[in-house]
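Okay, protein_14.cif now, which holds mmCIF, C-alpha atoms and all ligand atoms:
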```
data_query
loop_
_atom_site.label_atom_id
_atom_site.label_comp_id
_atom_site.auth_asym_id
_atom_site.auth_seq_id
_atom_site.Cartn_x
_atom_site.Cartn_y
_atom_site.Cartn_z
CA MET A 1 82.11 126.51 84.27
CA PRO A 2 82.80 122.85 85.20
CA LEU A 3 83.29 122.21 88.94
CA ARG A 4 86.85 121.15 89.67
CA SER A 5 88.92 119.74 92.53
CA ILE A 6 92.70 119.58 93.06
CA GLU A 7 92.46 115.76 92.84
CA GLY A 8 90.60 116.02 89.52
CA ILE A 9 93.15 118.52 88.18
CA ASN A 10 96.03 116.24 89.20
CA ALA A 11 94.30 113.32 87.43
CA LYS A 12 94.13 115.45 84.26
CA ILE A 13 97.83 116.40 84.65
CA THR A 14 98.76 112.70 84.95
CA ALA A 15 96.59 111.84 81.93
CA GLY A 16 98.16 114.66 79.87
CA GLU A 17 94.78 116.36 79.47
CA ILE A 18 95.34 119.51 81.50
CA THR A 19 94.69 123.01 80.14
CA VAL A 20 97.15 125.51 81.65
CA CYS A 21 97.63 129.18 80.87
CA THR A 22 100.14 131.61 82.27
CA ALA A 23 98.57 134.66 83.94
CA SER A 24 99.74 136.77 81.04
CA GLU A 25 98.19 134.44 78.42
CA PHE A 26 94.98 134.24 80.42
CA CYS A 27 94.67 138.04 80.72
CA ASN A 28 95.33 138.42 76.99
CA MET A 29 92.43 136.00 76.36
CA VAL A 30 90.23 138.08 78.69
CA ARG A 31 91.19 141.28 76.84
CA ALA A 32 90.37 139.57 73.53
CA HIS A 33 87.00 138.37 74.94
CA GLU A 34 87.99 134.76 74.25
CA GLU A 35 86.42 131.77 76.04
CA VAL A 36 88.37 130.93 79.24
CA ALA A 37 86.04 128.48 81.00
CA GLU A 38 88.04 125.42 79.87
CA VAL A 39 91.26 126.61 81.55
CA ASP A 40 92.06 124.40 84.59
CA VAL A 41 95.11 126.17 86.01
CA VAL A 42 96.62 129.66 85.72
CA THR A 43 100.29 130.01 86.62
CA SER A 44 100.81 133.30 88.47
CA GLY A 45 104.14 134.89 89.33
CA THR A 46 106.14 137.80 90.60
CA LYS A 47 109.78 138.92 90.66
CA GLY A 48 111.02 141.90 92.61
CA ILE A 49 112.77 143.17 95.70
CA MET A 50 111.75 141.02 98.66
CA SER A 51 113.78 142.22 101.64
CA GLY A 52 112.35 139.60 104.00
CA THR A 53 114.56 136.77 102.74
CA TYR A 54 117.30 134.83 104.52
CA ALA A 55 119.37 131.69 103.95
CA THR A 56 120.17 128.87 106.37
CA LEU A 57 123.43 127.17 105.43
CA SER A 58 125.37 124.29 106.95
CA PHE A 59 128.82 123.11 105.81
CA ARG A 60 132.10 121.72 107.09
CA ALA A 61 134.58 124.44 108.05
CA THR A 62 137.32 122.32 109.73
CA ALA A 63 138.06 118.83 111.00
CA PRO A 64 136.32 118.01 114.34
CA ASN A 65 137.71 119.49 117.59
CA VAL A 66 139.63 122.35 115.96
CA PHE A 67 137.53 124.94 117.77
CA GLU A 68 134.65 124.86 120.22
CA THR A 69 132.37 127.77 119.41
CA ALA A 70 132.21 130.56 116.89
CA GLN A 71 131.05 134.06 117.66
CA MET A 72 130.76 135.43 114.12
CA ALA A 73 131.24 134.35 110.53
CA TRP A 74 131.43 136.01 107.11
CA LEU A 75 130.73 134.60 103.66
CA ASN A 76 132.37 136.64 100.88
CA ASP A 77 132.68 139.24 103.65
CA VAL A 78 128.90 139.30 104.23
CA PRO A 79 128.17 138.87 107.95
CA ALA A 80 126.36 135.69 109.00
CA PHE A 81 124.83 134.68 112.33
CA VAL A 82 126.22 131.48 113.84
CA GLY A 83 123.76 128.84 115.01
CA PRO A 84 121.22 128.35 116.42
CA CYS A 85 122.53 124.76 116.57
CA PRO A 86 126.07 124.72 118.08
CA ASN A 87 127.85 122.21 115.81
CA GLU A 88 131.22 123.92 115.72
CA ARG A 89 133.03 121.26 117.84
CA LEU A 90 132.22 118.88 114.97
CA GLY A 91 133.85 121.31 112.55
CA LEU A 92 130.45 122.16 111.10
CA LEU A 93 129.04 125.65 110.76
CA ASP A 94 125.32 126.38 110.87
CA LEU A 95 124.78 129.93 109.63
CA MET A 96 121.95 132.31 108.91
CA VAL A 97 122.50 135.09 106.37
CA TYR A 98 120.07 137.93 105.75
CA GLY A 99 119.39 139.00 102.19
CA THR A 100 119.83 142.63 103.28
CA ALA A 101 123.20 142.06 105.04
CA VAL A 102 126.04 144.21 103.67
CA SER A 103 129.62 143.12 102.97
CA ARG A 104 132.14 144.72 105.34
CA SER A 105 134.50 145.45 102.41
CA ASP A 106 132.11 146.37 99.56
CA THR A 107 128.98 148.43 100.19
CA LYS A 108 127.61 147.29 96.82
CA TYR A 109 127.69 143.58 97.71
CA GLY A 110 125.15 142.08 100.09
CA GLY A 111 123.23 138.96 101.04
CA GLY A 112 121.26 138.92 97.77
CA HIS A 113 124.49 139.01 95.73
CA LEU A 114 125.85 136.19 97.91
CA PHE A 115 122.74 134.04 97.34
CA ARG A 116 123.14 134.47 93.59
CA ASP A 117 126.83 133.49 93.77
CA ILE A 118 125.93 130.42 95.83
CA VAL A 119 123.19 129.42 93.35
CA LYS A 120 125.65 129.90 90.47
CA GLY A 121 127.89 127.29 92.16
CA ASN A 122 130.72 129.79 92.70
CA ASP A 123 133.32 129.19 95.39
CA ILE A 124 132.49 131.22 98.51
CA ASP A 125 135.19 132.46 100.90
CA PHE A 126 134.35 132.02 104.56
CA GLU A 127 135.91 133.41 107.74
CA VAL A 128 135.05 132.33 111.26
CA LEU A 129 135.95 134.21 114.42
CA THR A 130 135.99 131.73 117.31
CA THR A 131 135.22 132.65 120.91
CA MET A 132 138.92 131.99 121.63
CA GLY A 133 139.86 134.71 119.13
CA GLN A 134 141.09 132.39 116.34
CA LEU A 135 140.35 133.43 112.75
CA ILE A 136 139.67 130.43 110.52
CA LYS A 137 139.46 130.89 106.75
CA GLY A 138 138.41 128.58 103.94
CA GLN A 139 136.21 128.07 100.91
CA THR A 140 132.93 126.30 100.34
CA ASN A 141 130.31 126.06 97.61
CA LEU A 142 126.77 124.84 97.09
CA GLN A 143 127.93 121.34 96.22
CA ASP A 144 129.77 121.07 99.55
CA MET A 145 126.88 122.41 101.61
CA GLN A 146 125.01 119.69 103.45
CA PHE A 147 122.05 122.06 103.90
CA ALA A 148 121.20 125.24 101.98
CA ARG A 149 117.70 126.67 102.18
CA LEU A 150 116.24 130.06 101.29
CA SER A 151 113.42 131.22 103.53
CA ALA A 152 110.98 134.06 103.02
CA THR A 153 109.62 135.99 105.96
CA ARG A 154 107.90 138.55 103.73
CA ASN A 155 107.64 137.77 100.00
CA VAL A 156 105.00 137.78 97.24
CA PHE A 157 103.30 141.04 98.30
CA LYS A 158 99.91 141.60 96.73
CA ASN A 159 101.42 144.17 94.40
CA TYR A 160 102.80 147.25 96.12
CA ASN A 161 103.14 151.02 95.78
CA ALA A 162 104.42 153.77 93.54
CA PHE A 163 106.61 156.27 95.40
CA VAL A 164 107.00 159.99 94.76
CA ASN A 165 108.66 162.80 96.69
CA PRO A 166 106.30 165.80 97.05
CA ASN A 167 109.02 167.97 98.64
CA ASP A 168 112.04 169.83 97.29
CA GLY A 169 115.29 167.88 97.29
CA CYS A 170 116.18 164.27 96.75
CA VAL A 171 115.34 161.46 99.21
CA LYS A 172 117.44 158.31 99.57
CA SER A 173 115.57 155.08 100.38
CA ILE A 174 115.32 151.48 99.23
CA PHE A 175 112.81 152.74 96.62
CA SER A 176 115.44 154.41 94.44
CA VAL A 177 118.95 153.70 93.16
CA THR A 178 120.25 157.26 93.59
CA CYS A 179 117.49 159.25 95.31
CA LEU A 180 113.91 160.27 94.60
CA GLU A 181 113.82 163.78 93.15
CA GLY A 182 111.05 166.14 94.19
CA PRO A 183 108.73 167.82 93.99
CA TYR A 184 106.99 165.11 91.92
CA LYS A 185 109.85 164.90 89.41
CA GLU A 186 109.87 161.11 89.15
CA ALA A 187 108.16 157.94 90.40
CA THR A 188 109.35 154.44 91.17
CA PHE A 189 107.11 151.44 91.67
CA SER A 190 106.95 147.73 92.51
CA GLY A 191 104.49 144.96 91.64
CA CYS A 192 103.84 142.67 88.70
CA GLY A 193 100.17 143.70 88.31
CA GLU A 194 97.99 141.07 86.65
CA LEU A 195 100.64 138.34 87.03
CA ASN A 196 100.75 138.63 90.83
CA PRO A 197 99.72 135.45 92.77
CA LEU A 198 97.82 137.32 95.50
CA GLU A 199 96.02 139.38 92.87
CA LYS A 200 94.92 136.17 91.15
CA ASP A 201 93.78 134.61 94.47
CA PRO A 202 93.09 137.58 96.79
CA GLN A 203 90.96 135.62 99.28
CA LEU A 204 93.55 132.83 99.49
CA GLU A 205 90.97 130.28 98.40
CA THR A 206 93.62 128.06 96.79
CA ILE A 207 96.95 129.28 98.20
CA GLY A 208 97.40 127.93 101.74
CA VAL A 209 99.89 126.37 104.12
CA GLY A 210 101.69 123.69 102.11
CA THR A 211 100.96 125.06 98.63
CA LYS A 212 103.67 123.85 96.29
CA ALA A 213 105.28 126.60 94.22
CA LEU A 214 108.49 127.60 92.45
CA LEU A 215 110.80 129.87 94.45
CA ASN A 216 113.58 131.15 92.19
CA GLY A 217 113.02 128.11 89.99
CA ALA A 218 113.26 125.45 92.75
CA ILE A 219 110.26 123.60 94.15
CA GLY A 220 109.28 125.13 97.47
CA PHE A 221 106.28 125.61 99.69
CA VAL A 222 104.16 128.39 101.14
CA THR A 223 104.15 128.31 104.96
CA GLY A 224 101.68 131.11 105.69
CA THR A 225 101.53 134.87 105.61
CA GLY A 226 104.65 136.93 106.26
CA THR A 227 105.56 139.82 108.53
CA ARG A 228 103.34 142.93 108.33
CA SER A 229 100.82 141.00 106.24
CA SER A 230 97.30 142.43 106.47
CA ALA A 231 93.97 141.77 104.77
CA GLN A 232 94.53 144.86 102.58
CA LYS A 233 98.21 144.23 101.85
CA PRO A 234 98.90 140.51 102.29
CA ASN A 235 102.19 138.76 101.61
CA LEU A 236 103.48 135.21 102.02
CA SER A 237 106.22 133.30 103.80
CA GLY A 238 107.77 130.12 102.44
CA TYR A 239 110.97 128.29 101.60
CA ALA A 240 112.85 126.26 99.00
CA PRO A 241 116.30 124.66 98.72
CA LEU A 242 119.00 126.77 97.07
CA LYS A 243 119.95 123.65 95.10
CA GLY A 244 117.72 123.75 92.03
CA MET A 245 117.34 127.53 91.96
CA ASN A 246 118.22 129.48 88.81
CA PRO A 247 120.44 132.58 89.27
CA ARG A 248 118.21 134.40 86.74
CA TYR A 249 115.58 134.67 89.48
CA VAL A 250 117.54 135.63 92.62
CA GLY A 251 120.20 138.19 93.40
CA GLY A 252 121.24 141.52 94.82
CA PHE A 253 119.82 144.91 93.91
CA ASN A 254 121.63 148.05 95.05
CA THR A 255 119.41 150.86 96.26
CA SER A 256 120.33 154.29 97.59
CA ALA A 257 119.86 152.85 101.09
CA GLY A 258 122.18 149.88 100.47
CA PRO A 259 122.03 146.41 98.89
CA ASP A 260 118.76 144.52 98.88
CA VAL A 261 117.63 141.14 97.58
CA PHE A 262 115.27 140.12 94.79
CA CYS A 263 113.39 136.82 94.52
CA SER A 264 110.87 135.27 92.13
CA TRP A 265 107.82 133.12 92.78
CA ALA A 266 105.45 131.20 90.52
CA ILE A 267 102.33 129.75 92.12
CA PRO A 268 99.69 127.63 90.33
CA ILE A 269 96.10 128.83 90.77
CA PRO A 270 93.58 126.03 90.13
CA ILE A 271 90.32 127.47 88.82
CA LEU A 272 88.00 125.61 91.17
CA ASN A 273 84.98 127.92 91.12
CA THR A 274 83.55 131.08 89.59
CA SER A 275 84.93 133.30 92.35
CA ILE A 276 88.51 132.25 91.47
CA LEU A 277 87.69 132.55 87.77
CA GLU A 278 86.63 136.16 88.38
CA SER A 279 89.83 136.94 90.34
CA VAL A 280 92.21 135.46 87.79
CA SER A 281 90.38 137.45 85.09
CA ARG A 282 91.42 140.78 86.64
CA THR A 283 93.62 142.63 84.19
CA ASP A 284 96.09 145.48 84.82
CA ASP A 285 93.47 148.16 84.16
CA ARG A 286 91.42 146.83 87.11
CA ILE A 287 94.32 146.68 89.56
CA PRO A 288 95.05 149.86 91.54
CA LEU A 289 98.61 151.05 92.06
CA PRO A 290 98.61 153.19 95.23
CA ILE A 291 100.79 156.32 95.03
CA VAL A 292 102.43 157.23 98.33
CA ASP A 293 104.78 159.90 99.65
CA VAL A 294 108.22 158.32 100.09
CA ASN A 295 108.84 160.49 103.18
CA GLY A 296 106.14 159.04 105.42
CA ARG A 297 104.23 156.66 103.13
CA THR A 298 101.17 158.94 103.25
CA PRO A 299 98.68 157.90 100.53
CA LEU A 300 98.40 160.50 97.77
CA GLY A 301 96.22 158.78 95.18
CA TYR A 302 95.95 155.83 92.83
CA ALA A 303 97.21 154.90 89.39
CA ARG A 304 96.57 151.55 87.62
CA TYR A 305 99.05 148.84 86.75
CA SER A 306 98.02 149.34 83.12
CA ASP A 307 99.73 152.78 83.31
CA VAL A 308 103.08 151.11 83.87
CA TRP A 309 102.89 147.59 82.39
CA GLN A 310 100.63 147.67 79.34
CA ARG A 311 103.52 148.60 77.14
CA GLU A 312 106.70 146.94 75.99
CA TYR A 313 108.26 145.62 79.19
CA GLY A 314 111.03 143.60 77.62
CA ARG A 315 114.68 144.49 77.37
CA ILE A 316 116.08 147.95 77.87
CA ARG A 317 118.27 148.72 74.84
CA PHE A 318 121.73 150.26 74.61
CA SER A 319 122.53 152.34 71.52
CA ASN A 320 126.28 152.13 71.12
CA ASN A 321 126.19 154.89 68.48
CA GLU A 322 124.84 157.39 71.00
CA CYS A 323 127.35 156.55 73.74
CA VAL A 324 130.06 159.23 73.96
CA SER A 325 132.28 157.23 76.35
CA CYS A 326 132.08 159.61 79.30
CA GLU A 327 135.01 159.59 81.67
CA GLU A 328 132.71 158.39 84.45
CA CYS A 329 129.73 156.42 83.20
CA GLN A 330 126.68 157.23 85.33
CA VAL A 331 124.88 154.18 84.01
CA ALA A 332 127.61 151.82 85.24
CA GLU A 333 127.63 153.71 88.54
CA ASN A 334 123.85 153.53 89.05
CA CYS A 335 122.92 150.14 87.58
CA PRO A 336 121.62 148.26 90.64
CA THR A 337 122.80 144.84 89.43
CA ALA A 338 126.11 145.88 87.83
CA ALA A 339 124.72 144.66 84.50
CA PHE A 340 126.15 147.56 82.46
CA THR A 341 129.63 148.46 81.28
CA PRO A 342 130.12 151.07 78.53
CA ASN A 343 132.40 148.85 76.43
CA LYS A 344 130.23 145.72 76.63
CA GLY A 345 126.77 147.28 77.03
CA ILE A 346 124.04 145.41 78.92
CA ASP A 347 124.71 141.90 80.21
CA HIS A 348 121.19 140.54 79.83
CA LYS A 349 121.89 137.66 82.23
CA GLU A 350 122.38 140.23 85.01
CA CYS A 351 119.87 142.88 83.87
CA VAL A 352 116.54 143.02 85.74
CA ARG A 353 114.94 145.51 83.30
CA CYS A 354 114.52 148.10 86.05
CA GLY A 355 115.11 150.97 83.61
CA ALA A 356 117.27 153.04 86.00
CA CYS A 357 119.82 153.40 83.20
CA VAL A 358 117.39 155.24 80.89
CA SER A 359 117.37 158.40 83.03
CA SER A 360 120.96 157.88 84.23
CA CYS A 361 122.53 158.40 80.80
CA PRO A 362 122.66 162.15 79.99
CA HIS A 363 123.21 161.35 76.29
CA GLY A 364 120.18 159.10 75.74
CA ALA A 365 122.22 156.00 74.93
CA LEU A 366 119.85 153.79 76.94
CA LYS A 367 116.32 153.35 75.58
CA GLY A 368 113.14 152.07 77.19
CA ASP A 369 109.58 153.16 77.83
CA LEU A 370 108.79 153.01 81.55
CA GLY A 371 105.50 154.91 81.36
CA ALA A 372 104.14 157.56 83.70
CA ILE A 373 101.62 157.71 86.50
CA ASP A 374 98.83 160.24 86.69
CA LEU A 375 98.45 162.00 90.06
CA ASN A 376 95.47 164.36 89.94
CA GLY A 377 96.27 165.34 86.36
CA LEU A 378 100.03 165.56 86.91
CA GLN A 379 101.95 163.08 84.72
CA ILE A 380 104.94 161.82 86.71
CA PRO A 381 107.50 159.81 84.70
CA VAL A 382 108.53 156.41 86.04
CA THR A 383 112.31 156.19 86.38
CA LEU A 384 112.67 152.84 88.18
CA ARG A 385 110.78 149.53 88.19
CA GLN A 386 111.64 147.43 91.21
CA SER A 387 109.82 144.43 89.77
CA ASP A 388 110.95 142.46 86.72
CA ARG A 389 107.73 141.40 85.02
CA SER A 390 109.50 139.92 82.03
CA ASN A 391 111.29 137.32 84.16
CA ALA A 392 108.23 136.79 86.38
CA ASP A 393 106.40 135.90 83.16
CA LYS A 394 109.23 133.56 82.22
CA LEU A 395 108.94 131.72 85.54
CA THR A 396 105.16 131.32 85.04
CA ARG A 397 105.95 129.76 81.63
CA GLU A 398 108.42 127.36 83.29
CA LEU A 399 105.75 126.31 85.79
CA LYS A 400 103.19 125.87 83.02
CA LYS A 401 105.60 123.61 81.12
CA ARG A 402 106.31 121.49 84.20
CA ILE A 403 102.57 121.02 84.82
CA GLU A 404 101.88 120.17 81.18
CA GLN A 405 104.71 117.64 81.16
CA GLY A 406 103.31 115.95 84.29
CA GLU A 407 106.36 116.91 86.40
CA PHE A 408 104.48 119.20 88.79
CA LEU A 409 101.30 118.08 90.55
CA LEU A 410 99.33 120.60 92.58
CA SER A 411 99.27 120.21 96.37
CA THR A 412 96.20 120.51 98.57
CA PRO A 413 96.93 123.02 101.36
CA VAL A 414 97.04 121.44 104.82
CA GLN A 415 95.52 124.59 106.31
CA ARG A 416 93.76 127.66 104.98
CA ILE A 417 95.46 131.01 105.59
CA LYS A 418 93.22 133.54 107.31
CA LEU A 419 93.80 137.14 106.23
CA GLN A 420 93.54 139.60 109.08
S1 LIG B 1 126.74 157.77 80.66
FE1 LIG B 1 125.78 157.17 78.70
S2 LIG B 1 127.02 158.14 77.13
FE2 LIG B 1 128.21 158.21 79.01
S3 LIG B 1 129.51 156.35 78.94
FE3 LIG B 1 127.64 155.82 80.07
S4 LIG B 1 126.26 154.98 78.52
FE4 LIG B 1 127.86 156.09 77.41
S1 LIG B 2 117.67 148.02 83.10
FE1 LIG B 2 119.58 149.19 83.00
S2 LIG B 2 119.96 149.84 85.13
FE2 LIG B 2 118.42 148.19 85.22
S3 LIG B 2 119.60 146.31 85.51
FE3 LIG B 2 119.35 146.55 83.29
S4 LIG B 2 121.18 147.65 82.60
FE4 LIG B 2 121.05 147.90 84.81
#
```
Kindly return the structure encoded in the file as C-alpha cells.
Amino acid sequence: MPLRSIEGINAKITAGEITVCTASEFCNMVRAHEEVAEVDVVTSGTKGIMSGTYATLSFRATAPNVFETAQMAWLNDVPAFVGPCPNERLGLLDLMVYGTAVSRSDTKYGGGHLFRDIVKGNDIDFEVLTTMGQLIKGQTNLQDMQFARLSATRNVFKNYNAFVNPNDGCVKSIFSVTCLEGPYKEATFSGCGELNPLEKDPQLETIGVGTKALLNGAIGFVTGTGTRSSAQKPNLSGYAPLKGMNPRYVGGFNTSAGPDVFCSWAIPIPILNTSILESVSRTDDRIPLPIVDVNGRTPLGYARYSDVWQREYGRIRFSNNECVSCEECQVAENCPTAAFTPNKGIDHKECVRCGACVSSCPHGALKGDLGAIDLNGLQIPVTLRQSDRSNADKLTRELKKRIEQGEFLLSTPVQRIKLQ
C-alpha cells in the first residue's frame, strides 16, 4: 500500500482527490474480497448508552445583583450543580448537568432527555435556589446560552459486553429496560462491532489527544482516555459544543435502573500503514462479544458481533393489523425513548432501534430480528440492543461526506494516548 501522512491526506482532501469509505462500506469490500489499498480514510462510528457524559452550561438567569450565590438549580426539573465559577452576582448561572441525573418530578426524564431538548432548541425551564432561600424561576434555550458544551468522561468504549442472568428471577440494571430474566432466558448487548472507532484503531496509532471528530453531529475533539479505561477495554474522553449537534444522535434512554444518556461519535481513521489497514479490515466475525453475568460481571464466554449485527439492523416495524389495542400497552410502557404510542405507532425520529418492543408486545405486533448469542451450545435470544448501529452508520456517512466535500480536514494529534 502507498505510504501516507495526515498532511498528504489533507492535501488530497483539499484537491478533491480523497478516497473515503465508511467502516461499513470498507468491511463490505473486505467481505467481497475487493481491493482496498487505495482507500485513504475510513470513517468509524458508534452510538449507544454512554453514561459518562455531562454538560457545562452558562446563561443569564436575572439582572445583575438580584442574588449573590446559588446553592442548587434545576433545568426542566433535572438537578444541576452550580459553579464552579461563582458568577451569580452578575445574574449569570454556570451549571454542570450529568447525563444520568434524574428529574425530581418524572423518573422517566433525565439529563440525556434534557440534552436532547436543549439541542432541539426547545425552551428549558430553570429554577434556582439561592443561599438566602429565594426561588428564582425562568426560561432559557440554546440560543440564549452563552456557553453550552457536552463533555465525555467515558465514551466510545471499544465495543462492550452481552449480559445474561444465570440465576432464577429477574434482575434490574442499566442493561435492561424492565429486568433481565433468568436463568439464561434473554440477553442484552452493547457495541457497534466493526464500525467501532477503537476496534478500527485498537493501538491508538491515529486517534490521540486533539483528534478532530463528530460528537452527536458537531465538530469536537478527543482529549484522552476516559474513566476506567484499560488496555483491554479502552474508552475515550472528549467534548463538543451543543450548538451544531443533531438531536438524532443524543438523548435519554430509560433503563430499569433509571434514565441514562446516549451519544454518538464518528472518528476518521487515516490508513497510514499496513498495521492500521489490518485493523480497519476486521469484520464482525473477527470481533469477540464477551458474555458476562449481569449479577457480578463474571465472564461466562464469548459470542461474535456477527451473531448480533450481520442481519437486518434497520427499523423495527409495527404491524397495525396485529395490534389489539390493549388497555395498557406494554410497548408504550417499556419503550426506553418513548418512541411508541399504539395509535401512532413508532416515531422513527425518536426510535433508537433497540428492539425492546419486540418482546414487550404479547401479540407480536412489533417485528424485528435481534439475533441470538451462543453460550456453550445454548442459544440465548437477544431482547435489547443498547447500541444503535443504524444511526452510527449514518453519522459515519455524514463524516465521509464532509471529508469528500473538503469541509473536514483531519487533525494531527498533539500527543499520543498510551493504553495502560
Ligand atoms: S401491547 Fe402490542 S397489541 Fe397491545 S396495544 Fe401495545 S402494540 Fe398493541
Ligand atoms: S425499537 Fe421499539 S422499544 Fe426501541 S426505541 Fe424503537 S419503538 Fe422504542
Mind running range 104-219 of chain A against range 402-412 of chain A at 9 Å and telling me each contacting residue's nearest atom pair with the distance in Å (one decimal), counting only C-alpha atoms, chain and number ascending, as JSON lines?
```
{"residue": "A:Thr206", "atom": "CA", "partner": "A:Thr412", "partner_atom": "CA", "distance": 8.2}
{"residue": "A:Ile207", "atom": "CA", "partner": "A:Thr412", "partner_atom": "CA", "distance": 8.8}
{"residue": "A:Gly208", "atom": "CA", "partner": "A:Thr412", "partner_atom": "CA", "distance": 8.2}
{"residue": "A:Val209", "atom": "CA", "partner": "A:Thr412", "partner_atom": "CA", "distance": 8.9}
{"residue": "A:Gly210", "atom": "CA", "partner": "A:Ser411", "partner_atom": "CA", "distance": 7.1}
{"residue": "A:Thr211", "atom": "CA", "partner": "A:Ser411", "partner_atom": "CA", "distance": 5.6}
{"residue": "A:Lys212", "atom": "CA", "partner": "A:Ser411", "partner_atom": "CA", "distance": 5.7}
{"residue": "A:Ala213", "atom": "CA", "partner": "A:Leu410", "partner_atom": "CA", "distance": 8.6}
```
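Of the listed residues (A:Ala15, A:Val156, A:Met245, A:Cys326), A:Cys326 comes nearest to ligand LIG 1 (chain B); the distances count only C-alpha atoms and all ligand atoms.
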query: Interatomic distance between CA of Gln203 in chain A and CA of Tyr54 in chain A?
result: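 These two atoms are separated by 26.9 Å.
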field: Protein and nucleic residues near ligand LIG 2 (chain B), 7 Å, all atoms listed in the file, as a PyMOL selection string
entry: chain A and resi 316+331+334-340+346+350-358
task: Find, counting all atoms listed in the file, the residue in A:Cys263, A:Ala162, A:Gly345, A:Thr188 that gets nearest to Pro299 in chain A.
output: A:Ala162
- request: Mind giving me the straight-line distance from CA of Leu289 in chain A to CA of Arg304 in chain A in Å, one decimal?
  value: 4.9 Å
List every residue of range 148-188 of chain A that has an atom at most 12 Å from any atom of range 217-224 of chain A, and for each one report the closest atom pair and its distance in Å to one decimal, counting all atoms listed in the file, with rows sorted by chain and then by increasing residue number, as JSON lines.
```
{"residue": "A:Arg149", "atom": "CA", "partner": "A:Gly220", "partner_atom": "CA", "distance": 9.8}
{"residue": "A:Leu150", "atom": "CA", "partner": "A:Gly220", "partner_atom": "CA", "distance": 9.3}
{"residue": "A:Ser151", "atom": "CA", "partner": "A:Gly220", "partner_atom": "CA", "distance": 9.5}
{"residue": "A:Ala152", "atom": "CA", "partner": "A:Val222", "partner_atom": "CA", "distance": 9.1}
{"residue": "A:Thr153", "atom": "CA", "partner": "A:Gly224", "partner_atom": "CA", "distance": 9.3}
{"residue": "A:Arg154", "atom": "CA", "partner": "A:Gly224", "partner_atom": "CA", "distance": 9.9}
{"residue": "A:Asn155", "atom": "CA", "partner": "A:Val222", "partner_atom": "CA", "distance": 10.1}
{"residue": "A:Val156", "atom": "CA", "partner": "A:Val222", "partner_atom": "CA", "distance": 10.2}
```
- prompt: Counting all atoms listed in the file, what is within 6 Å of Ala148 in chain A, bar same-chain residues fewer than 3 positions away, as a ChimeraX atom specification?
  reply: /A:56-57,241-242
- prompt: Smallest atom-to-atom distance to ligand LIG 1 (chain B): which of A:Thr341, A:Asn196, A:Ser230, A:Asn159, using only C-alpha atoms and all ligand atoms?
  reply: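 Ranked by minimum distance to ligand LIG 1 (chain B), first place goes to A:Thr341.
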field: Of the listed residues A:Gly52, A:Leu180, A:Gln134, A:Thr62, that which approaches Thr227 in chain A most closely, counting all atoms listed in the file
entry: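 That would be A:Gly52, the residue with the smallest distance to Thr227 in chain A.
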task: Considering all atoms listed in the file, return as number ranges by chain whatever protein or nucleic-acid residues lie within 10 Å of range 116-121 of chain A, sequence-local ones (same chain, fewer than 3 positions apart) excluded.
output: A: 76, 111-113, 124, 140-145, 148, 216, 241-252, 261-262
Protein and nucleic residues near ligand LIG 1 (chain B), 12 Å, all atoms listed in the file, as a ChimeraX atom specification: /A:317-335,340-346,356-367
C-alpha atoms of the current selection, written as a PDB file, in the frame of the given file:
```pdb
ATOM      1  CA  ARG A 317     118.270 148.720  74.840  1.00  0.00           C
ATOM      2  CA  PHE A 318     121.730 150.260  74.610  1.00  0.00           C
ATOM      3  CA  SER A 319     122.530 152.340  71.520  1.00  0.00           C
ATOM      4  CA  ASN A 320     126.280 152.130  71.120  1.00  0.00           C
ATOM      5  CA  ASN A 321     126.190 154.890  68.480  1.00  0.00           C
ATOM      6  CA  GLU A 322     124.840 157.390  71.000  1.00  0.00           C
ATOM      7  CA  CYS A 323     127.350 156.550  73.740  1.00  0.00           C
ATOM      8  CA  VAL A 324     130.060 159.230  73.960  1.00  0.00           C
ATOM      9  CA  SER A 325     132.280 157.230  76.350  1.00  0.00           C
ATOM     10  CA  CYS A 326     132.080 159.610  79.300  1.00  0.00           C
ATOM     11  CA  GLU A 327     135.010 159.590  81.670  1.00  0.00           C
ATOM     12  CA  GLU A 328     132.710 158.390  84.450  1.00  0.00           C
ATOM     13  CA  CYS A 329     129.730 156.420  83.200  1.00  0.00           C
ATOM     14  CA  GLN A 330     126.680 157.230  85.330  1.00  0.00           C
ATOM     15  CA  VAL A 331     124.880 154.180  84.010  1.00  0.00           C
ATOM     16  CA  ALA A 332     127.610 151.820  85.240  1.00  0.00           C
ATOM     17  CA  GLU A 333     127.630 153.710  88.540  1.00  0.00           C
ATOM     18  CA  ASN A 334     123.850 153.530  89.050  1.00  0.00           C
ATOM     19  CA  CYS A 335     122.920 150.140  87.580  1.00  0.00           C
ATOM     20  CA  PHE A 340     126.150 147.560  82.460  1.00  0.00           C
ATOM     21  CA  THR A 341     129.630 148.460  81.280  1.00  0.00           C
ATOM     22  CA  PRO A 342     130.120 151.070  78.530  1.00  0.00           C
ATOM     23  CA  ASN A 343     132.400 148.850  76.430  1.00  0.00           C
ATOM     24  CA  LYS A 344     130.230 145.720  76.630  1.00  0.00           C
ATOM     25  CA  GLY A 345     126.770 147.280  77.030  1.00  0.00           C
ATOM     26  CA  ILE A 346     124.040 145.410  78.920  1.00  0.00           C
ATOM     27  CA  ALA A 356     117.270 153.040  86.000  1.00  0.00           C
ATOM     28  CA  CYS A 357     119.820 153.400  83.200  1.00  0.00           C
ATOM     29  CA  VAL A 358     117.390 155.240  80.890  1.00  0.00           C
ATOM     30  CA  SER A 359     117.370 158.400  83.030  1.00  0.00           C
ATOM     31  CA  SER A 360     120.960 157.880  84.230  1.00  0.00           C
ATOM     32  CA  CYS A 361     122.530 158.400  80.800  1.00  0.00           C
ATOM     33  CA  PRO A 362     122.660 162.150  79.990  1.00  0.00           C
ATOM     34  CA  HIS A 363     123.210 161.350  76.290  1.00  0.00           C
ATOM     35  CA  GLY A 364     120.180 159.100  75.740  1.00  0.00           C
ATOM     36  CA  ALA A 365     122.220 156.000  74.930  1.00  0.00           C
ATOM     37  CA  LEU A 366     119.850 153.790  76.940  1.00  0.00           C
ATOM     38  CA  LYS A 367     116.320 153.350  75.580  1.00  0.00           C
TER      39      LYS A 367
END
```
task: Find the residues around Pro268 in chain A up to 7 Å (all atoms listed in the file counted), leave out those fewer than 3 positions away in its own chain, and share them as a list in words.
output: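 In the requested format, the answer is Val41, Val42, Thr43, Ser44 and Ala213 of chain A.
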query: So what do you get for CA of Gln139 in chain A versus CA of Asp106 in chain A, distance-wise?
result: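 Separating CA of Gln139 in chain A from CA of Asp106 in chain A is a distance of 18.8 Å.
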